[in-house]
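These notes are about the structure you will find just below.
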Amino acid sequence: MASADYRLTVLHTNDFHARFEPISRFDSGCGPEDNEEGKCFGGSARLVSAIEAAKARSDNYILVDGGDQFQGSLFYTYYKGKAAAEMMNKMGYDAMAVGNHEFDDGPEVLRAFVDSVDFPVLMANSDFEDEPFLVGAIEPSVILERAGERLGLIGLTPEDNDELASPGPNVLFSDPVEAVRDEVKRLEAMGINKIIVLSHSGLPVDLRIAEAVPQVDVIVGGHDNTLLSNTQERADGPYPLMVGNTAIVQAYAYGKFLGEIDITFDGDGNIVEAVGEPILIDASVAEDESTKKRVGELAGPLDEIRNKVVAEAGAFIEGGRAVCRVEECPLGNLVADSMLDRVRHQGIQIAIANAGGIRASIDEGDVTMGQVLTVLPFQNTLATFRIKGQSIIDALENGVSQVEEVKGRFPQVAGLSFTWDPTVGPNEGRIQEVLVGDEAIDPEAIYGVVTNNYVRNGGDGYRMFTTDAMDVYDFGPDLADVLAEYMAARGPVAPKVEGRISRLE
């Protein structure tokens, strides 16, 4: 019956990554002059205005986040989760999923954030009974009451979080589909028939959940920076993306969009209509003045570090994830070259950098330390070791194993080149040829390798670097400092694609 229809607006963000200040069209920093000229996007001050306007359009709404508020700018480096907690409280969030980057500084920093926010932080597919910092702080799901109806919200974090971040040994992660199925049963037993999953898992996993657990009504995605839209040219799919009767939504990243989906449920809790579109947070959205002032105050201690010009780019240097996670890219070459240059005198021949560690492009002209830190925000250190050629081949095989999903393990390299075949199955011999210098790699020979400490310790699936490495040293200089000094020593840099990575067609 029409009288039983229930309407709900779901406002959502994901993968904000500490972008409290406006960003450029390349997702890197956007200065005050460009902001005044209307060239910038996002930033907390615009997001506050967009959220207030969206709330005013609806008489029944929730505001949720799909995870990864942490990491990505100097604000996180300096404040950890404190600035995110303050801004999310101001915006009035109702719930959030735990992203992998919420674990970057371990459970203790995540707990401090959870204790600071006015809303539940959710994670269903994990067991943390042995982790004292998280017990009692994070729930698998929460029930919200809105306009006389109860809504069940379930949170998910990546199943491979132990490879992606630093959760420590006491947190175990499990299959998101099974976790959702268990929580849905529990919620349905309580009479709840409107279920929303906040899924920091990536679109392929969200599709799997929608197929396997059709009782889920809405999946608010995150993790792979997917843009679902009916109007944006570079959209990855429609908004919402319907699988059966489940509506999947995601709103790219970095506060560039605010997702807004209007859902109509029938009396049995089934979706009868789902319409909406992410709102582009561009210059047409006015900045909230009090928020802008507060972000300026928070930025104060960062300015001295950030504004120092450390180098010059002779051209735009491409570092976007859509390029660097699937093929050789100019910024990947620059980063790998800088790593190898720093430690070559130690007998190191090869650099391997995970593309997921590169978070923005660099514009032509003066390059500040703030820009370098936006590109390489993770405070990773150089790690050197010696390892057999076969393990390097295995590492490259891992690196190209998830290209189809545009995952961060894709290897940017220096000192070697390789050819891979996408028609071969993942981890079944995609790597066809590897040259160290001009010579074919010898599987039995020992080579000196530099990467970052995250990868060396098994991050992004590079487990062979934990088990097979010899003469390991994980505590070199910060990767951002290495890149800044390398660029500074060379005058204007303009790296190019050189054929280090070849893909058979």
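Please note that chains go A, B, ... in the order of the structure tokens, that every chain numbers its residues from 1, and that ligands are numbered from 1 in the order shown.
Backbone DSSP over stretch 262-306 of chain A gives helix (DSSP H, G or I) for Glu289, Ser290, Thr291, Lys292, Lys293, Arg294, Val295, Gly296, Glu297, Leu298, Ala299, Gly300, Pro301, Leu302, Asp303, Glu304, Ile305 and Arg306 of chain A.
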Take the residues from that selection and put them in a file with N, CA, C and O atoms, as a CSV table (one decimal), in the first residue's frame.
chain,number,residue,atom,x,y,z
A,289,GLU,N,32.0,29.6,6.4
A,289,GLU,CA,33.0,30.5,6.8
A,289,GLU,C,33.6,30.0,8.2
A,289,GLU,O,34.8,30.1,8.4
A,290,SER,N,32.8,29.5,9.1
A,290,SER,CA,33.3,29.1,10.4
A,290,SER,C,34.2,27.9,10.2
A,290,SER,O,35.3,27.7,10.9
A,291,THR,N,33.8,27.0,9.3
A,291,THR,CA,34.7,25.8,9.0
A,291,THR,C,36.0,26.2,8.4
A,291,THR,O,37.0,25.7,8.7
A,292,LYS,N,35.9,27.1,7.4
A,292,LYS,CA,37.1,27.5,6.7
A,292,LYS,C,38.1,28.1,7.7
A,292,LYS,O,39.3,27.9,7.6
A,293,LYS,N,37.5,28.9,8.6
A,293,LYS,CA,38.4,29.6,9.6
A,293,LYS,C,39.1,28.5,10.5
A,293,LYS,O,40.2,28.6,10.8
A,294,ARG,N,38.3,27.5,10.9
A,294,ARG,CA,38.8,26.4,11.8
A,294,ARG,C,39.9,25.6,11.1
A,294,ARG,O,40.9,25.3,11.7
A,295,VAL,N,39.6,25.3,9.8
A,295,VAL,CA,40.7,24.5,9.0
A,295,VAL,C,41.9,25.4,8.9
A,295,VAL,O,43.0,24.8,9.0
A,296,GLY,N,41.8,26.7,8.8
A,296,GLY,CA,42.9,27.6,8.7
A,296,GLY,C,43.7,27.5,10.0
A,296,GLY,O,45.0,27.5,10.0
A,297,GLU,N,43.0,27.5,11.1
A,297,GLU,CA,43.7,27.4,12.5
A,297,GLU,C,44.4,26.1,12.6
A,297,GLU,O,45.6,26.1,13.0
A,298,LEU,N,43.8,25.0,12.1
A,298,LEU,CA,44.4,23.7,12.2
A,298,LEU,C,45.6,23.6,11.3
A,298,LEU,O,46.6,23.0,11.6
A,299,ALA,N,45.6,24.4,10.2
A,299,ALA,CA,46.7,24.4,9.2
A,299,ALA,C,47.9,25.2,9.7
A,299,ALA,O,49.0,25.0,9.2
A,300,GLY,N,47.7,26.1,10.7
A,300,GLY,CA,48.8,26.9,11.2
A,300,GLY,C,50.1,26.2,11.4
A,300,GLY,O,51.1,26.6,10.8
A,301,PRO,N,50.1,25.2,12.3
A,301,PRO,CA,51.4,24.5,12.6
A,301,PRO,C,52.0,23.8,11.4
A,301,PRO,O,53.1,23.5,11.4
A,302,LEU,N,51.2,23.6,10.4
A,302,LEU,CA,51.6,22.8,9.2
A,302,LEU,C,52.3,23.7,8.2
A,302,LEU,O,53.1,23.2,7.3
A,303,ASP,N,52.0,25.0,8.2
A,303,ASP,CA,52.4,25.8,7.1
A,303,ASP,C,54.0,25.9,6.9
A,303,ASP,O,54.4,25.9,5.8
A,304,GLU,N,54.7,26.0,8.0
A,304,GLU,CA,56.1,26.1,7.9
A,304,GLU,C,56.7,24.9,7.1
A,304,GLU,O,57.6,25.0,6.3
A,305,ILE,N,56.2,23.7,7.5
A,305,ILE,CA,56.7,22.5,6.8
A,305,ILE,C,56.2,22.5,5.3
A,305,ILE,O,57.0,22.2,4.4
A,306,ARG,N,55.0,22.9,5.2
A,306,ARG,CA,54.4,22.7,3.9
A,306,ARG,C,54.8,23.6,2.8
A,306,ARG,O,54.9,23.3,1.6
| query | What are the DSSP strand (DSSP E or B) residues of stretch 279-437 of chain A, as a PyMOL selection string? | reply | chain A and resi 279-280+309-313+317+350-354+362+365-368+381-388+411-414+416-420+431-436
| message | I want to know what sits within 9 Å of A:Glu131, based on only C-alpha atoms, with residues of the same chain fewer than 3 positions away left out; could you give that as a PyMOL selection string? | response | chain A and resi 107+127-128+134-135+168-171
Write to file, as an mmCIF file, in the first residue's frame, the residues of the selection just made, with N, CA, C and O atoms.
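That gives us result-v7.cif:
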data_model
loop_
_atom_site.group_PDB
_atom_site.id
_atom_site.type_symbol
_atom_site.label_atom_id
_atom_site.label_comp_id
_atom_site.auth_asym_id
_atom_site.auth_seq_id
_atom_site.Cartn_x
_atom_site.Cartn_y
_atom_site.Cartn_z
ATOM 1 N N PRO A 107 45.964 -0.009 16.511
ATOM 2 C CA PRO A 107 44.666 0.054 17.190
ATOM 3 C C PRO A 107 44.540 1.207 18.182
ATOM 4 O O PRO A 107 43.435 1.707 18.405
ATOM 5 N N ASP A 127 37.619 -10.040 14.182
ATOM 6 C CA ASP A 127 37.611 -10.548 15.551
ATOM 7 C C ASP A 127 38.720 -9.815 16.294
ATOM 8 O O ASP A 127 39.895 -9.951 15.952
ATOM 9 N N PHE A 128 38.327 -9.020 17.279
ATOM 10 C CA PHE A 128 39.342 -8.263 18.021
ATOM 11 C C PHE A 128 39.186 -8.459 19.525
ATOM 12 O O PHE A 128 39.512 -7.595 20.316
ATOM 13 N N LEU A 134 40.400 -2.195 21.222
ATOM 14 C CA LEU A 134 39.186 -2.157 20.408
ATOM 15 C C LEU A 134 37.982 -2.831 21.062
ATOM 16 O O LEU A 134 36.843 -2.550 20.688
ATOM 17 N N VAL A 135 38.213 -3.711 22.011
ATOM 18 C CA VAL A 135 37.098 -4.400 22.662
ATOM 19 C C VAL A 135 36.175 -3.370 23.316
ATOM 20 O O VAL A 135 36.612 -2.481 24.044
ATOM 21 N N GLY A 168 48.150 -4.811 13.765
ATOM 22 C CA GLY A 168 48.771 -5.568 14.843
ATOM 23 C C GLY A 168 48.342 -7.027 14.817
ATOM 24 O O GLY A 168 47.470 -7.429 14.043
ATOM 25 N N PRO A 169 48.953 -7.842 15.681
ATOM 26 C CA PRO A 169 48.722 -9.293 15.624
ATOM 27 C C PRO A 169 47.413 -9.758 16.250
ATOM 28 O O PRO A 169 47.036 -10.919 16.091
ATOM 29 N N ASN A 170 46.692 -8.872 16.940
ATOM 30 C CA ASN A 170 45.535 -9.310 17.719
ATOM 31 C C ASN A 170 44.195 -9.108 17.019
ATOM 32 O O ASN A 170 43.159 -9.422 17.588
ATOM 33 N N VAL A 171 44.211 -8.555 15.805
ATOM 34 C CA VAL A 171 42.969 -8.319 15.069
ATOM 35 C C VAL A 171 42.933 -9.244 13.858
ATOM 36 O O VAL A 171 43.852 -9.234 13.043
#
| task | Would you list the contacts of stretch 174-187 of chain A as a ChimeraX atom specification, taking every protein, DNA or RNA residue within 6 Å and counting only C-alpha atoms, but skipping same-chain residues closer than 5 positions in sequence? | result | /A:124-126,159,192,209
